[in-house]
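Here is model-v5.txt, consisting of compact mmCIF, C-alpha atoms:
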# COMPACT_ATOMS: atom_id res chain seq x y z
CA MET A 139 23.54 13.38 18.29
CA ARG A 140 20.30 12.76 20.16
CA THR A 141 18.40 9.85 18.69
CA ALA A 142 15.07 8.31 19.64
CA ILE A 143 13.80 4.90 18.68
CA LEU A 144 10.05 5.21 18.17
CA ALA A 145 8.22 1.97 18.86
CA HIS A 146 5.20 0.34 20.45
CA SER A 147 7.09 -2.57 21.93
CA PHE A 148 10.11 -2.37 24.21
CA SER A 149 11.53 -5.65 22.90
CA SER A 150 11.71 -4.52 19.28
CA ALA A 151 13.08 -1.09 20.25
CA PHE A 152 15.74 -2.60 22.51
CA VAL A 153 17.19 -4.66 19.65
CA ILE A 154 17.84 -1.42 17.77
CA TYR A 155 19.08 0.28 20.94
CA GLN A 156 21.74 -2.37 21.45
CA ALA A 157 22.90 -1.98 17.87
CA VAL A 158 23.29 1.81 17.89
CA SER A 159 23.86 2.95 21.47
CA ASP A 160 27.61 2.31 21.43
CA LEU A 161 28.20 4.53 18.41
CA PRO A 162 30.45 7.46 19.33
CA GLY A 163 28.55 10.67 20.06
CA GLN A 164 25.16 8.98 20.24
CA ASP A 165 22.70 9.75 23.01
CA VAL A 166 19.92 7.23 22.43
CA TYR A 167 16.37 7.23 23.83
CA ILE A 168 13.57 4.75 23.47
CA VAL A 169 10.13 6.34 23.10
CA LEU A 170 7.23 3.94 23.43
CA SER A 171 3.78 4.96 22.30
CA PRO A 172 0.66 2.90 22.99
CA SER A 173 -0.10 0.26 20.39
CA PRO A 174 -3.12 1.29 18.26
CA ARG A 175 -4.65 -2.08 19.12
CA ARG A 176 -4.31 -1.66 22.89
CA ALA A 177 -5.30 0.76 25.62
CA ALA A 178 -2.44 2.94 26.92
CA VAL A 179 -2.48 1.23 30.32
CA THR A 180 -2.30 -2.24 28.78
CA SER A 181 0.53 -1.16 26.49
CA TYR A 182 2.40 0.30 29.46
CA ALA A 183 1.96 -2.88 31.52
CA ALA A 184 3.02 -5.08 28.62
CA ASN A 185 6.17 -3.01 28.05
CA CYS A 186 7.10 -3.05 31.75
CA ALA A 187 6.80 -6.83 31.68
CA ARG A 188 8.96 -7.00 28.53
CA LEU A 189 11.56 -4.76 30.14
CA LEU A 190 11.82 -7.02 33.17
CA LEU A 191 11.87 -10.16 31.05
CA THR A 192 14.61 -8.76 28.81
CA SER A 193 16.72 -7.96 31.91
CA LEU A 194 16.17 -11.37 33.41
CA LYS A 195 16.70 -13.32 30.20
CA SER A 196 19.98 -11.66 29.30
CA PHE A 197 21.24 -11.27 32.87
CA HIS A 198 22.15 -7.65 32.45
CA LEU A 199 20.85 -4.42 33.87
CA LYS A 200 20.96 -2.34 30.70
CA PRO A 201 17.17 -2.20 30.26
CA LEU A 202 16.62 -1.22 33.89
CA LYS A 203 19.43 1.35 33.71
CA LEU A 204 17.80 2.81 30.63
CA PHE A 205 14.58 3.21 32.59
CA ALA A 206 16.36 4.68 35.64
CA SER A 207 18.29 7.18 33.53
CA GLY A 208 15.10 8.61 32.06
CA LYS A 209 15.98 7.48 28.56
CA LEU A 210 13.02 5.17 28.32
CA ILE A 211 9.98 7.33 27.73
CA PHE A 212 6.41 6.03 27.90
CA LEU A 213 3.87 8.12 26.03
CA SER A 214 0.30 7.81 27.17
CA ARG A 215 -1.10 9.05 23.86
CA PRO A 216 -0.43 8.34 20.16
CA LEU A 217 2.64 9.88 18.56
CA HIS A 218 0.63 12.50 16.66
CA ASP A 219 -1.12 13.76 19.80
CA SER A 220 -0.03 17.26 20.83
CA GLU A 221 0.95 16.02 24.29
CA SER A 222 3.27 13.42 22.74
CA VAL A 223 4.68 15.96 20.27
CA ASP A 224 5.45 18.33 23.19
CA THR A 225 7.27 15.52 25.01
CA LEU A 226 9.35 14.82 21.89
CA LYS A 227 10.17 18.50 21.43
CA LYS A 228 11.37 18.81 25.02
CA LEU A 229 13.84 15.99 24.40
CA GLN A 230 15.47 18.13 21.65
CA LEU A 231 16.01 15.14 19.42
CA ASP A 232 17.96 15.15 16.16
CA VAL A 233 16.81 11.90 14.59
CA GLY A 234 14.01 9.40 15.08
CA LEU A 235 14.26 5.74 14.08
CA HIS A 236 10.93 4.36 12.94
CA LYS A 237 9.92 1.10 14.57
CA ALA A 238 6.26 1.89 15.28
CA GLY A 239 3.39 0.69 13.11
CA VAL A 240 2.02 4.11 12.28
CA ILE A 241 2.06 6.71 9.53
CA TYR A 242 3.55 9.88 10.96
CA ARG A 243 1.99 13.29 10.71
CA ASP A 244 3.99 16.44 10.05
CA ALA A 245 3.85 17.61 13.68
CA THR A 246 5.59 14.44 14.87
CA ILE A 247 8.16 14.50 12.07
CA ASN A 248 8.93 18.17 12.73
CA ALA A 249 9.65 17.46 16.38
CA PHE A 250 13.02 16.07 15.19
CA ARG A 251 15.76 18.38 13.94
CA LEU A 252 16.65 16.14 10.99
CA GLY A 253 13.57 13.96 10.78
CA ILE A 254 12.55 10.33 11.24
CA LEU A 255 14.40 7.55 9.43
CA ASN A 256 12.57 4.60 7.95
CA HIS A 257 14.09 1.24 7.04
CA HIS A 258 12.11 0.26 3.93
CA ILE A 259 12.43 -3.21 2.44
CA GLY A 260 12.38 -2.05 -1.16
CA ILE A 261 14.40 0.14 -3.47
CA LEU A 262 13.03 3.67 -3.73
CA PRO A 263 11.73 5.46 -5.71
CA ALA A 264 10.78 2.43 -7.79
CA TYR A 265 9.10 0.42 -5.06
CA ARG A 266 6.98 2.22 -2.52
CA GLY A 267 4.00 0.98 -0.52
CA ARG A 268 3.14 -2.56 0.55
CA SER A 269 4.54 -5.99 -0.40
CA VAL A 270 7.42 -4.28 -2.20
CA MET A 271 9.82 -7.17 -1.72
CA GLU A 272 7.33 -9.50 -3.41
CA TRP A 273 6.66 -7.04 -6.23
CA SER A 274 10.39 -6.60 -6.86
CA ILE A 275 10.85 -10.36 -7.15
CA LEU A 276 7.77 -10.81 -9.35
CA GLN A 277 9.01 -8.15 -11.76
CA GLY A 278 12.58 -9.44 -11.81
CA ASP A 279 14.08 -6.41 -10.09
CA ALA A 280 16.65 -6.18 -7.31
CA VAL A 281 15.50 -6.71 -3.74
CA GLY A 282 16.97 -4.29 -1.26
CA ILE A 283 16.77 -1.78 1.53
CA THR A 284 16.28 1.96 1.46
CA VAL A 285 16.85 4.10 4.54
CA PHE A 286 15.24 7.49 4.07
CA PHE A 287 13.74 10.40 5.97
CA ILE A 288 10.00 9.99 5.89
CA ASP A 289 7.38 12.61 5.19
CA ALA A 290 3.63 12.37 5.73
CA GLY A 291 3.14 10.46 2.45
CA ILE A 292 3.60 6.78 1.66
CA ASP A 293 7.35 6.31 1.14
CA THR A 294 7.63 9.70 -0.53
CA GLY A 295 10.24 11.35 1.73
CA SER A 296 12.73 12.97 -0.63
CA ARG A 297 16.02 12.37 1.27
CA ILE A 298 17.45 8.87 0.81
CA LEU A 299 20.44 8.09 2.99
CA ILE A 300 21.09 4.48 1.98
CA SER A 301 19.84 2.46 -0.96
CA GLU A 302 21.33 -0.97 -1.33
CA ALA A 303 20.52 -4.26 -3.03
CA VAL A 304 20.46 -7.25 -0.67
CA ASP A 305 21.09 -10.87 -1.59
CA ILE A 306 18.20 -13.05 -0.41
CA SER A 307 19.21 -16.17 -2.33
CA ARG A 308 19.68 -18.12 0.90
CA CYS A 309 16.07 -17.56 1.91
CA ARG A 310 13.67 -20.35 1.08
CA SER A 311 10.33 -18.62 1.43
CA VAL A 312 8.66 -15.22 1.19
CA SER A 313 8.22 -14.99 4.94
CA GLU A 314 11.84 -15.96 5.61
CA ALA A 315 13.10 -13.41 3.09
CA LYS A 316 10.91 -10.68 4.54
CA GLN A 317 12.01 -11.43 8.07
CA PHE A 318 15.63 -11.43 6.93
CA LEU A 319 15.21 -7.96 5.43
CA PHE A 320 13.28 -6.60 8.43
CA ASP A 321 15.95 -7.91 10.79
CA LEU A 322 18.56 -5.92 8.94
CA ASP A 323 17.09 -2.73 10.40
CA LYS A 324 19.63 -2.70 13.23
CA VAL A 325 22.49 -2.96 10.73
CA PHE A 326 21.14 -0.27 8.42
CA PHE A 327 20.10 2.12 11.18
CA ARG A 328 23.61 1.87 12.62
CA GLN A 329 25.06 2.58 9.19
CA ALA A 330 22.66 5.51 8.71
CA LEU A 331 23.55 7.12 12.04
CA THR A 332 27.24 6.73 11.22
CA ILE A 333 26.69 8.55 7.92
CA LEU A 334 24.69 11.30 9.63
CA SER A 335 27.44 11.80 12.20
CA GLY A 336 29.92 12.46 9.39
CA ASP A 337 30.85 15.89 8.13
CA GLU A 338 28.59 16.27 5.16
CA PRO A 339 26.13 13.44 4.71
CA CYS A 340 24.83 13.35 1.15
CA PHE A 341 21.41 12.24 0.10
CA LEU A 342 19.98 10.56 -2.95
CA LEU A 343 16.74 11.98 -4.26
CA ASN A 344 13.49 10.09 -3.86
CA ASP A 345 11.50 11.86 -6.55
CA GLY A 346 8.36 9.83 -5.86
CA SER A 347 8.28 8.75 -9.49
CA GLY A 348 7.58 5.08 -8.77
CA PRO A 349 4.08 3.73 -8.44
CA ARG A 350 2.58 2.88 -5.08
CA TYR A 351 2.29 -0.86 -4.60
CA PHE A 352 -0.43 -2.56 -2.62
CA VAL A 353 -0.77 -5.76 -0.68
CA MET A 354 -0.35 -8.71 -3.05
CA SER A 355 -2.94 -11.37 -3.83
CA LYS A 356 -2.40 -15.00 -2.78
CA LEU A 357 -2.21 -15.96 -6.45
CA PHE A 358 0.78 -13.71 -7.14
CA GLU A 359 2.29 -14.48 -3.74
CA ASP A 360 2.36 -18.13 -4.71
CA VAL A 361 4.20 -17.21 -7.90
CA VAL A 362 6.75 -15.24 -5.84
CA GLU A 363 7.07 -18.17 -3.46
CA GLN A 364 7.94 -20.42 -6.41
CA LEU A 365 10.46 -17.89 -7.71
CA ILE A 366 12.20 -17.73 -4.32
CA ARG A 367 12.38 -21.50 -4.08
CA GLY A 368 13.93 -21.53 -7.54
CA MET B 169 -30.26 -9.82 -14.80
CA THR B 170 -31.04 -13.42 -15.82
CA ASP B 171 -30.76 -12.52 -19.48
CA PHE B 172 -27.46 -10.77 -18.88
CA VAL B 173 -26.03 -13.74 -16.98
CA SER B 174 -27.13 -16.07 -19.81
CA ARG B 175 -25.36 -13.87 -22.36
CA LEU B 176 -22.22 -13.87 -20.24
CA ARG B 177 -22.33 -17.60 -19.76
CA GLN B 178 -22.53 -18.13 -23.52
CA GLN B 179 -19.61 -15.80 -24.04
CA LEU B 180 -17.47 -17.45 -21.34
CA MET B 181 -18.28 -20.94 -22.62
CA ALA B 182 -17.24 -19.85 -26.10
CA ALA B 183 -14.01 -18.40 -24.72
CA ARG B 184 -13.35 -21.64 -22.89
CA ASP B 185 -13.81 -23.53 -26.15
CA GLY B 186 -11.12 -21.41 -27.74
CA GLN B 187 -13.22 -18.71 -29.38
CA GLN B 188 -11.31 -15.45 -29.40
CA LEU B 189 -12.75 -12.53 -27.46
CA ARG B 190 -13.37 -9.38 -29.44
CA THR B 191 -10.23 -7.20 -29.42
CA TRP B 192 -10.65 -3.92 -27.57
CA ARG B 193 -9.01 -0.82 -28.89
CA ALA B 194 -7.74 1.74 -26.40
CA PRO B 195 -8.78 5.30 -27.14
CA GLU B 196 -5.97 7.32 -28.73
CA THR B 197 -7.44 10.34 -27.00
CA TRP B 198 -11.13 9.76 -26.20
CA PHE B 199 -14.12 7.86 -27.49
CA ALA B 200 -17.35 9.72 -28.06
CA ASP B 201 -19.90 9.24 -25.29
CA LEU B 202 -22.43 6.45 -25.55
CA SER B 203 -25.92 7.02 -24.23
CA ASP B 204 -25.68 4.85 -21.11
CA SER B 205 -22.51 3.92 -19.23
CA LEU B 206 -24.03 0.91 -17.48
CA ALA B 207 -25.55 -0.50 -20.68
CA ALA B 208 -22.13 -0.12 -22.32
CA ILE B 209 -20.48 -2.01 -19.46
CA ARG B 210 -22.99 -4.82 -19.92
CA ALA B 211 -22.33 -4.91 -23.65
CA LEU B 212 -18.55 -5.00 -23.15
CA ALA B 213 -18.85 -7.71 -20.52
CA ALA B 214 -20.91 -9.81 -22.91
CA ASP B 215 -18.29 -9.22 -25.62
CA GLU B 216 -20.71 -7.33 -27.80
CA GLN B 217 -19.78 -4.62 -30.25
CA VAL B 218 -19.72 -1.04 -28.97
CA VAL B 219 -19.20 1.99 -31.16
CA CYS B 220 -15.80 3.62 -30.75
CA ALA B 221 -15.70 7.01 -32.44
CA ALA B 222 -12.86 9.41 -31.71
CA ALA B 223 -13.68 12.60 -29.83
CA HIS B 224 -12.00 15.40 -27.92
CA VAL B 225 -10.89 14.53 -24.42
CA PRO B 226 -12.72 16.41 -21.66
CA ASP B 227 -10.74 17.91 -18.77
CA ALA B 228 -9.84 15.22 -16.21
CA SER B 229 -8.64 17.43 -13.38
CA VAL B 230 -12.10 18.61 -12.30
CA VAL B 231 -13.45 15.07 -12.08
CA PHE B 232 -10.40 13.96 -10.14
CA VAL B 233 -10.91 16.70 -7.56
CA GLN B 234 -14.63 15.91 -7.36
CA LEU B 235 -13.91 12.21 -6.89
CA LYS B 236 -11.43 12.91 -4.13
CA SER B 237 -13.84 15.20 -2.34
CA SER B 238 -16.65 12.67 -2.49
CA VAL B 239 -14.91 9.68 -0.91
CA ARG B 240 -17.64 9.54 1.71
CA ASN B 241 -20.47 10.01 -0.75
CA ALA B 242 -20.83 6.78 -2.67
CA GLN B 243 -23.87 7.85 -4.66
CA ARG B 244 -22.16 11.02 -5.86
CA ARG B 245 -19.08 9.04 -6.85
CA PHE B 246 -21.20 6.55 -8.77
CA GLU B 247 -22.81 9.43 -10.68
CA LEU B 248 -19.46 11.06 -11.38
CA LEU B 249 -17.99 7.86 -12.77
CA THR B 250 -20.98 6.86 -14.87
CA THR B 251 -21.05 10.36 -16.33
CA ARG B 252 -17.32 10.48 -16.96
CA TYR B 253 -17.22 7.04 -18.51
CA LEU B 254 -20.31 7.09 -20.68
CA HIS B 255 -17.95 5.16 -22.90
CA PRO B 256 -16.33 2.77 -20.38
CA LEU B 257 -13.23 2.15 -22.52
CA ASN B 258 -12.29 5.78 -21.93
CA VAL B 259 -11.03 4.70 -18.53
CA ALA B 260 -7.99 3.45 -20.47
CA ALA B 261 -7.28 6.86 -22.00
CA ALA B 262 -3.90 8.43 -21.18
CA SER B 263 -5.66 11.41 -19.63
CA GLU B 264 -7.23 9.20 -16.95
CA GLN B 265 -4.01 8.10 -15.26
CA GLN B 266 -4.58 10.11 -12.08
CA ILE B 267 -8.18 8.94 -11.76
CA ARG B 268 -7.21 5.30 -12.30
CA GLU B 269 -4.55 5.51 -9.60
CA HIS B 270 -7.09 7.04 -7.26
CA LEU B 271 -9.63 4.30 -7.95
CA LEU B 272 -7.00 1.60 -7.50
CA GLU B 273 -5.79 3.10 -4.24
CA ARG B 274 -9.30 3.37 -2.79
CA LEU B 275 -10.01 -0.24 -3.68
CA MET B 276 -6.74 -1.59 -2.34
CA VAL B 277 -6.48 0.47 0.84
CA ALA B 278 -9.70 1.83 2.35
CA ASP B 279 -12.22 -0.61 0.84
CA ARG B 280 -10.00 -3.65 1.21
CA SER B 281 -9.37 -2.83 4.83
CA ARG B 282 -13.11 -2.54 5.56
CA ILE B 283 -13.90 -5.80 3.81
CA GLU B 284 -11.13 -7.55 5.73
CA GLN B 285 -12.65 -6.20 8.92
CA HIS B 286 -15.94 -7.86 7.90
CA GLU B 287 -17.57 -4.53 7.07
CA LEU B 288 -18.50 -5.26 3.48
CA HIS B 289 -22.14 -4.58 4.35
CA LEU B 290 -21.19 -1.00 5.23
CA LEU B 291 -19.89 -0.29 1.74
CA ASP B 292 -22.12 0.82 -1.11
CA ALA B 293 -22.11 -2.24 -3.37
CA ASP B 294 -22.87 -0.38 -6.61
CA ASP B 295 -20.11 2.14 -6.04
CA LEU B 296 -17.58 -0.54 -5.09
CA LEU B 297 -18.48 -2.78 -8.01
CA LEU B 298 -18.49 0.03 -10.56
CA ARG B 299 -14.97 1.03 -9.55
CA LEU B 300 -13.89 -2.59 -9.66
CA ASN B 301 -15.37 -2.94 -13.16
CA LEU B 302 -13.53 0.13 -14.42
CA ILE B 303 -10.23 -1.09 -12.99
CA ALA B 304 -10.93 -4.50 -14.52
CA ILE B 305 -11.51 -2.94 -17.93
CA TYR B 306 -8.22 -1.09 -17.68
CA ALA B 307 -6.39 -4.25 -16.58
CA SER B 308 -6.80 -5.61 -20.12
CA PHE B 309 -4.92 -2.65 -21.57
CA THR B 310 -1.96 -2.28 -19.25
CA SER B 311 1.17 -4.25 -18.49
CA ASP B 312 1.11 -2.73 -15.00
CA LEU B 313 0.45 -5.87 -12.95
CA ARG B 314 -0.94 -3.92 -9.98
CA TYR B 315 -4.23 -3.60 -11.82
CA LEU B 316 -4.49 -7.27 -12.64
CA ASP B 317 -3.54 -8.13 -9.08
CA ALA B 318 -6.29 -5.91 -7.70
CA LEU B 319 -8.68 -8.21 -9.59
CA ASN B 320 -6.92 -11.27 -8.18
CA TYR B 321 -7.18 -9.79 -4.73
CA TYR B 322 -10.87 -9.01 -4.97
CA TYR B 323 -11.62 -12.38 -6.50
CA GLU B 324 -10.02 -13.95 -3.43
CA LEU B 325 -11.52 -11.43 -1.02
CA MET B 326 -15.17 -11.28 -2.00
CA PRO B 327 -17.37 -13.77 -0.16
CA GLN B 328 -18.70 -16.26 -2.72
CA ALA B 329 -22.18 -15.98 -1.29
CA TRP B 330 -22.27 -12.19 -1.49
CA TYR B 331 -25.49 -11.11 -3.16
CA PRO B 332 -25.71 -7.39 -2.49
CA LYS B 333 -29.19 -5.92 -2.34
CA SER B 334 -28.30 -3.15 -4.72
CA LEU B 335 -29.72 -1.67 -7.84
CA HIS B 336 -26.92 -2.87 -10.09
CA ASN B 337 -25.72 -6.09 -8.52
CA TRP B 338 -25.11 -7.51 -12.00
CA LEU B 339 -21.86 -5.52 -11.82
CA ARG B 340 -20.53 -8.43 -9.81
CA VAL B 341 -20.99 -10.70 -12.84
CA SER B 342 -19.55 -8.22 -15.33
CA PHE B 343 -16.50 -7.90 -13.05
CA LEU B 344 -15.89 -11.62 -13.46
CA SER B 345 -16.14 -11.31 -17.22
CA PHE B 346 -13.60 -8.48 -17.32
CA TYR B 347 -11.36 -10.44 -14.96
CA VAL B 348 -11.40 -13.44 -17.32
CA ARG B 349 -10.55 -11.14 -20.23
CA ALA B 350 -7.67 -9.54 -18.32
CA LEU B 351 -6.24 -12.93 -17.42
CA GLU B 352 -6.48 -14.01 -21.03
CA VAL B 353 -4.76 -10.86 -22.28
CA HIS B 354 -1.91 -11.26 -19.78
CA PHE B 355 -1.33 -14.98 -20.01
CA ASN B 356 -2.25 -16.00 -23.57
Structure rendered as structure tokens:
Amino acid sequence: MRTAILAHSFSSAFVIYQAVSDLPGQDVYIVLSPSPRRAAVTSYAANCARLLLTSLKSFHLKPLKLFASGKLIFLSRPLHDSESVDTLKKLQLDVGLHKAGVIYRDATINAFRLGILNHHIGILPAYRGRSVMEWSILQGDAVGITVFFIDAGIDTGSRILISEAVDISRCRSVSEAKQFLFDLDKVFFRQALTILSGDEPCFLLNDGSGPRYFVMSKLFEDVVEQLIRG
Amino acid sequence: MTDFVSRLRQQLMAARDGQQLRTWRAPETWFADLSDSLAAIRALAADEQVVCAAAHVPDASVVFVQLKSSVRNAQRRFELLTTRYLHPLNVAAASEQQIREHLLERLMVADRSRIEQHELHLLDADDLLLRLNLIAIYASFTSDLRYLDALNYYYELMPQAWYPKSLHNWLRVSFLSFYVRALEVHFN
């Protein structure tokens, strides 16, 4: 299976790469697109620096080997740009792993045979949108992770691969809990790719029936903070 | 404006002293149009009586499409909403679910983002405040906390010294009145 990690930053993509690249039958690429907040040249320079630093810090050549083998791709334009879409198509990828801060358009999604997987820190279809961990806690519902194939909407992709409650009782603040859930992406992406490599992966239906949540006010965030602290 | 603020102050002082706010009734289907949407908003904000006579619900789908197609035309949107909600409590009607979600989403995504990027001056104040007022009215009827939290968010977000040079800047004051009511409904 040919998989690409889609990211803006090499460091965040490499964490995922390390978690999934040893799975049997996986051919993993890292595709870096320019950060929306930076010029393409600056993004490229920053990622080259990160690549070198990662190699030096961990005393191994894996990042440099990745670059030399052509499996580290630098896009000069955003992921939705036709030039970027053409590059993705040429790679003949099966699955994308979402690690970039963008909303994907259909052309980008369709460049992958199966689609792009998202690691969402809320249970779908009930909790889609922003601040979903906080909203789940505020409303007394389970906190968890959903891995699903995205579409061009906000958490409306219909094929859910994994939906699982996660215990955050050891976390002492909202930010700690959120970071804990975000950091589980490497675990859940690995699990998702394992499922997809199986004979007949089955999907749960995201029927989009849940409301879209929005960023939470400080007032309610404080309430959630108190709830987490018990 | 001064008279309206005085009326609101009296009403809020009375509420603070424990006087119950008038209970609003949600329309079972639709309330008959009043003559002036903005005058009705002022009356509701000041906790005054408004006539609520049942009527047939007009088609919501056309307005929804028109609203969506006029996201870059604030004046048109203002007209659409003041015409649709000649009786402002109709925003709580079951038929208005799609419109309410649209208004909430615009406030909490596009408008919020612009305000956070210090571009409040680029938004049409009357249009923004009217939508905020309608959402605030609905927040008193629903247990869906997203609506109440939109009010929380805007209360925290709006610069305190924001005095928009707009035709209906009193909508900022009526918003506060509806916000107080929504908080009371949810927490008392």
(message) Just to confirm, what's the straight-line distance from atom CA of Val259 of chain B to atom CA of Arg240 of chain B in Å (one decimal)?
(response)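 Separation between atom CA of Val259 of chain B and atom CA of Arg240 of chain B: 21.8 Å.
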(request) Find the residues near Met139 of chain A: any atom within 7 Å, counting all atoms listed in the file, skip ones fewer than 5 places away on the same chain, and give them as a ChimeraX atom specification. (result) /A:163-165,232
(request) Determine which residues of chain A sit within 9 Å of chain B, taking into account all atoms listed in the file, and present them as a list of chain:residue names. (result)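 Only these qualify: A:Gln277, A:Pro349, A:Arg350, A:Tyr351, A:Phe352, A:Val353, A:Met354, A:Ser355, A:Lys356, A:Leu357, A:Phe358.
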(message) Which polymer residues, whether protein, DNA or RNA, lie within 9 Å of the coordinate (-15.2, 3.2, 3.6) when you count only C-alpha atoms? List them as a PyMOL selection string, using the chain letters and numbers from the file.
(response) chain B and resi 239-240+274+278-282+287+290-292
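Using all atoms listed in the file, the contacts of segment 181-189 of chain B at a cut-off of 9 Å, with sequence neighbours closer than 5 positions omitted, comprise B:Leu176, B:Asp215, B:Arg349.
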May I have the residues from that selection written out with C-alpha atoms, as a compact mmCIF listing (two decimals), in the frame of the given file?
# COMPACT_ATOMS: atom_id res chain seq x y z
CA LEU B 176 -22.22 -13.87 -20.24
CA ASP B 215 -18.29 -9.22 -25.62
CA ARG B 349 -10.55 -11.14 -20.23
(message) For Ile300 of chain A, find every residue with an atom within 9 Å (counting only C-alpha atoms), except residues of its own chain fewer than 5 positions away, and show them as a PyMOL selection string.
(response) chain A and resi 283-286+326+329-330+341-342
(request) Quick one: pull the distance between atom CA of Ile333 of chain A and atom CA of Leu299 of chain A, Å, one decimal. (result)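 Distance reported for this atom pair: 8.0 Å.
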Per-axis box centre and lengths in Å around segment 343-360 of chain A, 8 Å margin per side, axis-aligned, as lines of an AutoDock Vina configuration file:
center_x = 6.9
center_y = -3.1
center_z = -5.1
size_x = 35.7
size_y = 46.1
size_z = 24.8
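You can rank A:Gly234, A:Pro216, A:Gly368, A:Pro172 by their closest distance to Ser307 of chain A using only C-alpha atoms, and at the top of that list sits A:Gly368.
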(request) Report the distance between atom CA of Gln328 of chain B and atom CA of Gln179 of chain B in Å, rounded to one decimal place. (result)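 Pair atom CA of Gln328 of chain B / atom CA of Gln179 of chain B returns 21.3 Å.
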(message) I need every residue sitting at most 7 Å from the point (12.6, 2.8, 22.9) (coordinates as in the file, only C-alpha atoms considered), written as a PyMOL selection string.
(response) chain A and resi 142-145+148+151-152+167-170+210
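The shell of residues at most 12 Å from Asn344 of chain A, with all atoms listed in the file counted and near chain neighbours (fewer than 5 positions) removed, consists of A:Ile261, A:Leu262, A:Pro263, A:Ala264, A:Tyr265, A:Arg266, A:Thr284, A:Val285, A:Phe286, A:Phe287, A:Ile288, A:Asp289, A:Ile292, A:Asp293, A:Thr294, A:Gly295, A:Ser296, A:Arg297, A:Ile298, A:Leu299, A:Ile300, A:Ser301.
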(request) Please identify all polymer residues within 7 Å of Ser334 of chain B, counting all atoms listed in the file, omitting same-chain residues fewer than 2 positions from it, and present them as an NGL selection string. (result) :B and (293-294 or 332 or 336-337)
(request) Select, from B:Asp204, B:Phe346, B:Ser238, B:Trp192, the residue with the minimum atom-to-atom distance to Gln217 of chain B, counting only C-alpha atoms. (result)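 The shortest atom-to-atom distance to Gln217 of chain B comes from B:Trp192.
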